[in-house]
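my_file_28.pdb, holding PDB, C-alpha atoms (C1' of nucleotides):
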```pdb
ATOM      1  CA  MET P   1     119.673  98.908   3.086
ATOM      2  CA  ARG P   2     116.506  96.839   3.225
ATOM      3  CA  ILE P   3     114.982  96.215   6.661
ATOM      4  CA  ALA P   4     111.782  94.278   7.308
ATOM      5  CA  THR P   5     109.574  92.974  10.091
ATOM      6  CA  TRP P   6     107.500  89.815   9.900
ATOM      7  CA  ASN P   7     105.432  87.821  12.375
ATOM      8  CA  VAL P   8     106.054  84.371  10.885
ATOM      9  CA  ASN P   9     103.726  82.358  13.193
ATOM     10  CA  SER P  10     106.308  79.600  13.812
ATOM     11  CA  ILE P  11     109.723  79.878  12.225
ATOM     12  CA  THR P  12     109.782  76.080  11.896
ATOM     13  CA  ALA P  13     106.525  75.886   9.973
ATOM     14  CA  ARG P  14     107.506  78.933   7.910
ATOM     15  CA  LEU P  15     111.124  78.020   7.219
ATOM     16  CA  PRO P  16     110.815  77.162   3.496
ATOM     17  CA  ARG P  17     108.855  80.326   2.812
ATOM     18  CA  LEU P  18     111.115  82.398   5.064
ATOM     19  CA  LEU P  19     114.296  81.289   3.306
ATOM     20  CA  ALA P  20     112.782  81.822  -0.139
ATOM     21  CA  TRP P  21     111.475  85.255   0.839
ATOM     22  CA  LEU P  22     114.783  86.394   2.340
ATOM     23  CA  GLU P  23     116.507  85.568  -0.938
ATOM     24  CA  SER P  24     113.887  86.957  -3.308
ATOM     25  CA  SER P  25     113.375  90.174  -1.352
ATOM     26  CA  GLY P  26     117.043  90.895  -0.770
ATOM     27  CA  THR P  27     116.386  91.801   2.850
ATOM     28  CA  ASP P  28     119.471  92.804   4.844
ATOM     29  CA  VAL P  29     117.906  92.726   8.302
ATOM     30  CA  LEU P  30     114.679  90.959   9.304
ATOM     31  CA  CYS P  31     112.928  91.419  12.632
ATOM     32  CA  VAL P  32     111.052  88.179  13.341
ATOM     33  CA  GLN P  33     108.208  87.560  15.771
ATOM     34  CA  GLU P  34     106.389  84.444  16.987
ATOM     35  CA  THR P  35     109.221  82.029  16.328
ATOM     36  CA  LYS P  36     107.340  79.505  18.501
ATOM     37  CA  CYS P  37     110.362  77.300  18.959
ATOM     38  CA  ALA P  38     112.963  76.792  21.655
ATOM     39  CA  GLU P  39     116.218  78.660  21.196
ATOM     40  CA  SER P  40     117.973  75.279  20.998
ATOM     41  CA  ALA P  41     115.809  74.348  17.992
ATOM     42  CA  PHE P  42     116.272  77.648  16.148
ATOM     43  CA  PRO P  43     117.246  77.134  12.476
ATOM     44  CA  TYR P  44     120.589  78.938  12.729
ATOM     45  CA  GLU P  45     122.279  76.789  10.097
ATOM     46  CA  PRO P  46     120.043  77.296   7.027
ATOM     47  CA  LEU P  47     119.978  81.019   7.807
ATOM     48  CA  ARG P  48     123.755  81.135   8.137
ATOM     49  CA  GLU P  49     124.034  79.455   4.729
ATOM     50  CA  LEU P  50     122.118  82.409   3.285
ATOM     51  CA  GLY P  51     124.516  84.783   4.996
ATOM     52  CA  TYR P  52     122.451  85.774   8.032
ATOM     53  CA  GLU P  53     123.633  85.999  11.592
ATOM     54  CA  ALA P  54     120.843  85.522  14.125
ATOM     55  CA  ALA P  55     120.141  86.901  17.587
ATOM     56  CA  VAL P  56     117.349  85.008  19.313
ATOM     57  CA  ASN P  57     115.154  85.443  22.371
ATOM     58  CA  ALA P  58     112.955  82.353  22.539
ATOM     59  CA  THR P  59     111.961  79.720  25.074
ATOM     60  CA  GLY P  60     109.567  77.314  23.380
ATOM     61  CA  ARG P  61     105.944  76.937  22.484
ATOM     62  CA  TRP P  62     104.836  80.567  22.733
ATOM     63  CA  ASN P  63     106.139  83.944  21.590
ATOM     64  CA  GLY P  64     109.824  84.236  20.605
ATOM     65  CA  VAL P  65     111.601  86.978  18.639
ATOM     66  CA  ALA P  66     114.759  87.219  16.561
ATOM     67  CA  LEU P  67     116.927  89.517  14.492
ATOM     68  CA  LEU P  68     118.440  88.144  11.279
ATOM     69  CA  SER P  69     121.184  90.268   9.799
ATOM     70  CA  LYS P  70     123.578  90.370   6.881
ATOM     71  CA  ALA P  71     124.704  93.824   7.989
ATOM     72  CA  GLY P  72     126.334  93.038  11.306
ATOM     73  CA  LEU P  73     124.876  92.064  14.665
ATOM     74  CA  THR P  74     126.452  93.553  17.768
ATOM     75  CA  ASP P  75     125.528  94.926  21.183
ATOM     76  CA  ILE P  76     122.672  92.468  21.537
ATOM     77  CA  THR P  77     120.131  93.120  24.285
ATOM     78  CA  VAL P  78     117.938  90.128  25.136
ATOM     79  CA  GLY P  79     114.570  91.150  26.570
ATOM     80  CA  LEU P  80     113.360  94.444  27.997
ATOM     81  CA  PRO P  81     115.492  95.433  30.980
ATOM     82  CA  GLY P  82     113.077  95.795  33.885
ATOM     83  CA  GLY P  83     110.197  94.551  31.785
ATOM     84  CA  PRO P  84     107.074  93.191  33.510
ATOM     85  CA  ASP P  85     106.510  89.553  34.405
ATOM     86  CA  TYR P  86     103.521  87.494  33.354
ATOM     87  CA  ASP P  87     102.641  84.306  35.218
ATOM     88  CA  GLY P  88     105.813  84.562  37.255
ATOM     89  CA  GLY P  89     108.369  85.338  34.566
ATOM     90  CA  GLN P  90     109.446  87.457  31.622
ATOM     91  CA  GLU P  91     108.301  86.216  28.234
ATOM     92  CA  PRO P  92     110.589  86.303  25.178
ATOM     93  CA  ARG P  93     109.095  89.286  23.386
ATOM     94  CA  ALA P  94     111.949  91.664  22.641
ATOM     95  CA  ILE P  95     115.490  91.681  21.330
ATOM     96  CA  GLY P  96     117.642  94.627  20.336
ATOM     97  CA  ALA P  97     120.878  94.865  18.387
ATOM     98  CA  THR P  98     123.035  97.144  16.310
ATOM     99  CA  CYS P  99     123.093  96.157  12.637
ATOM    100  CA  GLY P 100     125.750  98.206  10.898
ATOM    101  CA  PRO P 101     124.608 101.832  10.872
ATOM    102  CA  VAL P 102     121.262 101.270  12.588
ATOM    103  CA  ARG P 103     120.056 100.112  15.981
ATOM    104  CA  LEU P 104     116.875  98.021  15.955
ATOM    105  CA  TRP P 105     114.463  96.245  18.252
ATOM    106  CA  SER P 106     112.292  93.314  17.207
ATOM    107  CA  VAL P 107     109.233  93.250  19.462
ATOM    108  CA  TYR P 108     106.152  91.104  19.957
ATOM    109  CA  VAL P 109     103.810  93.098  22.161
ATOM    110  CA  PRO P 110     101.481  91.002  24.367
ATOM    111  CA  ASN P 111      98.068  90.373  22.834
ATOM    112  CA  GLY P 112      95.968  91.423  25.838
ATOM    113  CA  ARG P 113      93.285  88.808  25.211
ATOM    114  CA  GLU P 114      90.309  90.662  26.696
ATOM    115  CA  ILE P 115      89.733  94.099  28.167
ATOM    116  CA  GLY P 116      90.193  93.718  31.924
ATOM    117  CA  HIS P 117      92.087  90.418  31.596
ATOM    118  CA  PRO P 118      95.409  90.346  33.471
ATOM    119  CA  HIS P 119      97.064  90.016  30.047
ATOM    120  CA  TYR P 120      95.568  93.381  29.023
ATOM    121  CA  ASP P 121      97.153  95.152  31.999
ATOM    122  CA  TYR P 122     100.375  93.292  31.269
ATOM    123  CA  LYS P 123     100.215  94.612  27.685
ATOM    124  CA  LEU P 124      99.957  98.199  28.909
ATOM    125  CA  ARG P 125     102.811  97.752  31.379
ATOM    126  CA  TRP P 126     104.902  96.078  28.698
ATOM    127  CA  LEU P 127     104.448  99.024  26.328
ATOM    128  CA  GLU P 128     105.464 101.390  29.130
ATOM    129  CA  ALA P 129     108.616  99.330  29.765
ATOM    130  CA  LEU P 130     109.379  99.436  26.035
ATOM    131  CA  ARG P 131     109.040 103.227  26.065
ATOM    132  CA  THR P 132     111.459 103.484  28.972
ATOM    133  CA  THR P 133     113.938 101.109  27.388
ATOM    134  CA  VAL P 134     114.149 102.853  24.006
ATOM    135  CA  ALA P 135     113.877 106.488  25.150
ATOM    136  CA  GLN P 136     117.597 107.219  24.971
ATOM    137  CA  ASP P 137     118.113 105.655  21.517
ATOM    138  CA  ALA P 138     114.905 107.270  20.237
ATOM    139  CA  ALA P 139     116.258 110.688  21.113
ATOM    140  CA  GLY P 140     119.717 109.945  19.703
ATOM    141  CA  GLU P 141     121.487 110.844  16.465
ATOM    142  CA  ARG P 142     121.893 107.297  15.204
ATOM    143  CA  PRO P 143     119.115 105.829  13.010
ATOM    144  CA  PHE P 144     116.978 103.797  15.366
ATOM    145  CA  ALA P 145     113.686 101.920  15.067
ATOM    146  CA  VAL P 146     111.404  99.560  16.926
ATOM    147  CA  LEU P 147     109.815  97.093  14.525
ATOM    148  CA  GLY P 148     107.380  94.313  15.177
ATOM    149  CA  ASP P 149     103.925  93.075  15.957
ATOM    150  CA  PHE P 150     102.527  95.744  18.274
ATOM    151  CA  ASN P 151      99.099  94.128  18.593
ATOM    152  CA  VAL P 152      97.524  97.598  18.527
ATOM    153  CA  ALA P 153      95.845  99.269  15.559
ATOM    154  CA  PRO P 154      96.938 102.911  15.943
ATOM    155  CA  THR P 155      93.738 104.396  14.471
ATOM    156  CA  ASP P 156      90.273 103.267  13.399
ATOM    157  CA  GLU P 157      91.552 103.409   9.800
ATOM    158  CA  ASP P 158      93.904 100.580  10.688
ATOM    159  CA  VAL P 159      91.139  97.987  10.977
ATOM    160  CA  TRP P 160      88.815  96.784   8.221
ATOM    161  CA  ASP P 161      85.685  97.612  10.227
ATOM    162  CA  ARG P 162      85.863  99.481  13.506
ATOM    163  CA  ALA P 163      82.419  98.236  14.547
ATOM    164  CA  ALA P 164      83.668  94.666  14.356
ATOM    165  CA  PHE P 165      86.119  95.485  17.165
ATOM    166  CA  ASP P 166      83.675  96.995  19.647
ATOM    167  CA  GLY P 167      84.539  95.684  23.080
ATOM    168  CA  LEU P 168      87.721  93.999  21.879
ATOM    169  CA  THR P 169      91.392  94.670  22.434
ATOM    170  CA  HIS P 170      93.762  96.226  19.855
ATOM    171  CA  VAL P 171      91.643  99.378  19.354
ATOM    172  CA  THR P 172      91.046 100.706  22.886
ATOM    173  CA  ASP P 173      92.009 104.178  24.048
ATOM    174  CA  LEU P 174      94.420 102.868  26.680
ATOM    175  CA  GLU P 175      96.328 100.765  24.147
ATOM    176  CA  ARG P 176      96.481 103.669  21.699
ATOM    177  CA  GLU P 177      97.598 106.039  24.456
ATOM    178  CA  ALA P 178     100.423 103.659  25.340
ATOM    179  CA  LEU P 179     101.499 103.686  21.682
ATOM    180  CA  ALA P 180     101.241 107.473  21.565
ATOM    181  CA  ALA P 181     103.485 107.721  24.636
ATOM    182  CA  LEU P 182     106.046 105.587  22.819
ATOM    183  CA  ARG P 183     105.895 107.896  19.766
ATOM    184  CA  ASP P 184     106.240 110.918  22.033
ATOM    185  CA  SER P 185     109.663 109.645  23.061
ATOM    186  CA  GLY P 186     110.857 110.717  19.605
ATOM    187  CA  LEU P 187     109.538 108.074  17.226
ATOM    188  CA  SER P 188     107.237 108.342  14.228
ATOM    189  CA  ASP P 189     105.067 105.776  12.474
ATOM    190  CA  VAL P 190     106.718 104.827   9.162
ATOM    191  CA  MET P 191     103.621 104.233   7.042
ATOM    192  CA  PRO P 192     104.013 101.518   4.396
ATOM    193  CA  ARG P 193     102.330 101.518   0.996
ATOM    194  CA  PRO P 194      99.691  98.875   0.386
ATOM    195  CA  LEU P 195     100.379  96.904  -2.791
ATOM    196  CA  LYS P 196      96.626  96.476  -3.277
ATOM    197  CA  TYR P 197      93.507  98.222  -1.954
ATOM    198  CA  ASP P 198      93.639 101.506  -0.087
ATOM    199  CA  ARG P 199      95.012 100.628   3.324
ATOM    200  CA  PRO P 200      98.284  98.897   4.306
ATOM    201  CA  PHE P 201      96.933  96.072   6.422
ATOM    202  CA  THR P 202      99.556  93.644   7.723
ATOM    203  CA  TYR P 203      97.418  90.940   9.340
ATOM    204  CA  TRP P 204      94.386  88.995   8.141
ATOM    205  CA  ASP P 205      92.680  86.300  10.222
ATOM    206  CA  TYR P 206      93.019  82.786   8.817
ATOM    207  CA  ARG P 207      89.305  82.225   9.404
ATOM    208  CA  GLU P 208      86.273  83.160   7.346
ATOM    209  CA  LEU P 209      88.206  84.171   4.246
ATOM    210  CA  GLY P 210      89.788  87.131   6.000
ATOM    211  CA  PHE P 211      92.460  87.657   3.378
ATOM    212  CA  PRO P 212      90.331  87.293   0.222
ATOM    213  CA  LYS P 213      87.780  89.685   1.745
ATOM    214  CA  ASN P 214      90.587  92.039   2.875
ATOM    215  CA  ARG P 215      89.339  92.001   6.448
ATOM    216  CA  GLY P 216      92.689  93.101   7.777
ATOM    217  CA  MET P 217      94.439  95.108  10.445
ATOM    218  CA  ARG P 218      97.602  97.227  10.485
ATOM    219  CA  ILE P 219      99.276  96.053  13.668
ATOM    220  CA  ASP P 220     102.822  95.359  12.453
ATOM    221  CA  LEU P 221     104.542  98.703  12.778
ATOM    222  CA  VAL P 222     107.823 100.476  12.218
ATOM    223  CA  TYR P 223     108.488 103.231  14.749
ATOM    224  CA  GLY P 224     111.626 105.136  13.789
ATOM    225  CA  ASN P 225     113.434 108.104  15.253
ATOM    226  CA  GLU P 226     114.054 111.196  13.151
ATOM    227  CA  PRO P 227     117.397 110.097  11.640
ATOM    228  CA  PHE P 228     115.736 106.792  10.693
ATOM    229  CA  ALA P 229     112.544 108.340   9.296
ATOM    230  CA  LYS P 230     114.524 110.859   7.241
ATOM    231  CA  SER P 231     116.478 107.996   5.637
ATOM    232  CA  VAL P 232     113.389 106.065   4.484
ATOM    233  CA  ASP P 233     113.274 105.733   0.692
ATOM    234  CA  ASP P 234     110.263 103.455   0.490
ATOM    235  CA  ALA P 235     108.084 101.245   2.675
ATOM    236  CA  TYR P 236     105.439  98.702   1.719
ATOM    237  CA  VAL P 237     103.515  95.649   2.910
ATOM    238  CA  ASP P 238     104.441  92.554   0.912
ATOM    239  CA  ARG P 239     100.926  91.104   0.771
ATOM    240  CA  GLU P 240     102.075  88.535  -1.800
ATOM    241  CA  GLU P 241     103.605  86.628   1.102
ATOM    242  CA  ARG P 242     100.162  86.262   2.730
ATOM    243  CA  LYS P 243      98.933  84.274  -0.274
ATOM    244  CA  GLY P 244      98.755  80.552  -0.831
ATOM    245  CA  LYS P 245      99.260  77.427   1.228
ATOM    246  CA  GLY P 246     101.541  77.631   4.222
ATOM    247  CA  ALA P 247     101.378  81.412   4.658
ATOM    248  CA  SER P 248     101.688  83.191   7.986
ATOM    249  CA  ASP P 249      98.643  85.241   8.971
ATOM    250  CA  HIS P 250     100.895  88.329   8.891
ATOM    251  CA  ALA P 251     102.661  89.841   5.877
ATOM    252  CA  PRO P 252     106.149  91.353   6.003
ATOM    253  CA  VAL P 253     106.543  95.122   6.233
ATOM    254  CA  VAL P 254     109.560  96.203   4.183
ATOM    255  CA  VAL P 255     111.495  99.450   4.640
ATOM    256  CA  ASP P 256     114.230 100.718   2.320
ATOM    257  CA  LEU P 257     116.721 102.994   4.007
ATOM    258  CA  GLU P 258     119.257 105.283   2.436
ATOM    259  CA  VAL P 259     122.123 104.589   4.835
TER     260      VAL P 259
ATOM    261  C1'  DA D   1      76.933  75.845  -4.141
ATOM    262  C1'  DT D   2      80.563  74.428  -1.136
ATOM    263  C1'  DG D   3      82.660  75.146   3.431
ATOM    264  C1'  DA D   4      84.550  78.231   6.068
ATOM    265  C1'  DC D   5      92.204  78.578  10.538
ATOM    266  C1'  DT D   6      96.773  77.372  12.016
ATOM    267  C1'  DC D   7     100.278  76.567  15.126
ATOM    268  C1'  DT D   8     102.369  73.969  19.143
ATOM    269  C1'  DT D   9     102.773  70.228  22.610
ATOM    270  C1'  DC D  10     104.489  66.579  29.117
ATOM    271  C1'  DA D  11      99.756  65.648  21.830
ATOM    272  C1'  DT D  12      95.449  62.784  19.580
ATOM    273  C1'  DA D  13      92.402  67.912  22.828
ATOM    274  C1'  DA D  14      93.455  72.370  24.313
ATOM    275  C1'  DG D  15      95.407  76.933  24.483
ATOM    276  C1'  DA D  16      96.662  80.887  21.985
ATOM    277  C1'  DG D  17      96.364  83.959  18.467
ATOM    278  C1'  DA D  18      93.593  88.901  17.296
TER     279       DA D  18
END
```
Please express the file's structure as structure tokens.
Amino acid sequence: MRIATWNVNSITARLPRLLAWLESSGTDVLCVQETKCAESAFPYEPLRELGYEAAVNATGRWNGVALLSKAGLTDITVGLPGGPDYDGGQEPRAIGATCGPVRLWSVYVPNGREIGHPHYDYKLRWLEALRTTVAQDAAGERPFAVLGDFNVAPTDEDVWDRAAFDGLTHVTDLEREALAALRDSGLSDVMPRPLKYDRPFTYWDYRELGFPKNRGMRIDLVYGNEPFAKSVDDAYVDREERKGKGASDHAPVVVDLEV
DNA sequence: ATGACTCTTCATAAGAGA
């Protein structure tokens, strides 16, 4: 079973590449982030024609997550129960479902913007709510994973140059501690192989030739419980999908499971 | 040597991304 996570940076803008990639990669379940379109405008039909059911949590211009599955899609949970509000409401950043033998969450963790910004505190509270929400499944016997854009680089090795991030979000102790608390609920970091260079970056800024210079970050993560992690055959970052015109700034992370 | 981001929308500038 092939599972993947991909921040597509607009599912509308990415649709041709998304459809082509789903077919060429043979992905059974894709966790999508940053759909950036209203649920009413979600491209259900072309995905259905490829054999995918879709569960969507999206409201419009910002954020938005989805699960696309050829392996079943049941027990859908839209949003984090009891999750924090930002600017007076919950944002569409999480969706969970059971896809055949596995239970999965597709998550888009808040960016945080700047240290001390209200969005940074919101990010920390959001990660705590995620930990609470998944604790029971994380400790369970069924293969379970949280996949998505976590907007945190777990270690200094996960950014191209730690000094370039001094004073910025994504690398701070508090963010990393929040991630560590999530792992402590029974999840481990499924580390993908890089297909080029030494580190499996998943995001490269569009600006200043970030991708050609490999100025990347590993912020798209797969956190699986023990039954999930034990079933992993292979995992890699498909950096080919970051190439060329019309690419997202994130590459898909692909996980092959023996289930 | 050059030029140096992309996406969306109560759009033609601004916010967000990281």
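Considering all atoms listed in the file, the residue among P:Phe144, P:Val102, P:Ala13, P:Glu208 positioned nearest to D:DG3 is P:Glu208.
For the pair atom CA of P:Arg17 and atom CA of P:Gly112, the interatomic distance is 28.6 Å.
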Closest contacts (chain D/chain P, max 7 Å, only C-alpha atoms (C1' of nucleotides)) as CSV:
```
residue,atom,partner,partner_atom,distance
D:DA4,C1',P:Glu208,CA,5.4
D:DC5,C1',P:Tyr206,CA,4.6
D:DC7,C1',P:Ser10,CA,6.9
D:DT8,C1',P:Arg61,CA,5.7
```
How big is the axis-aligned box around all listed atoms of stretch 2-10 of chain D once 4 Å goes on each side, and where's its centre, in Å to one decimal, as JSON?
```
{"center_x": 92.5, "center_y": 72.6, "center_z": 14.0, "size_x": 31.9, "size_y": 20.0, "size_z": 38.3}
```
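The space separating atom CA of P:Glu258 from atom CA of P:Ile3 comes to 10.9 Å.
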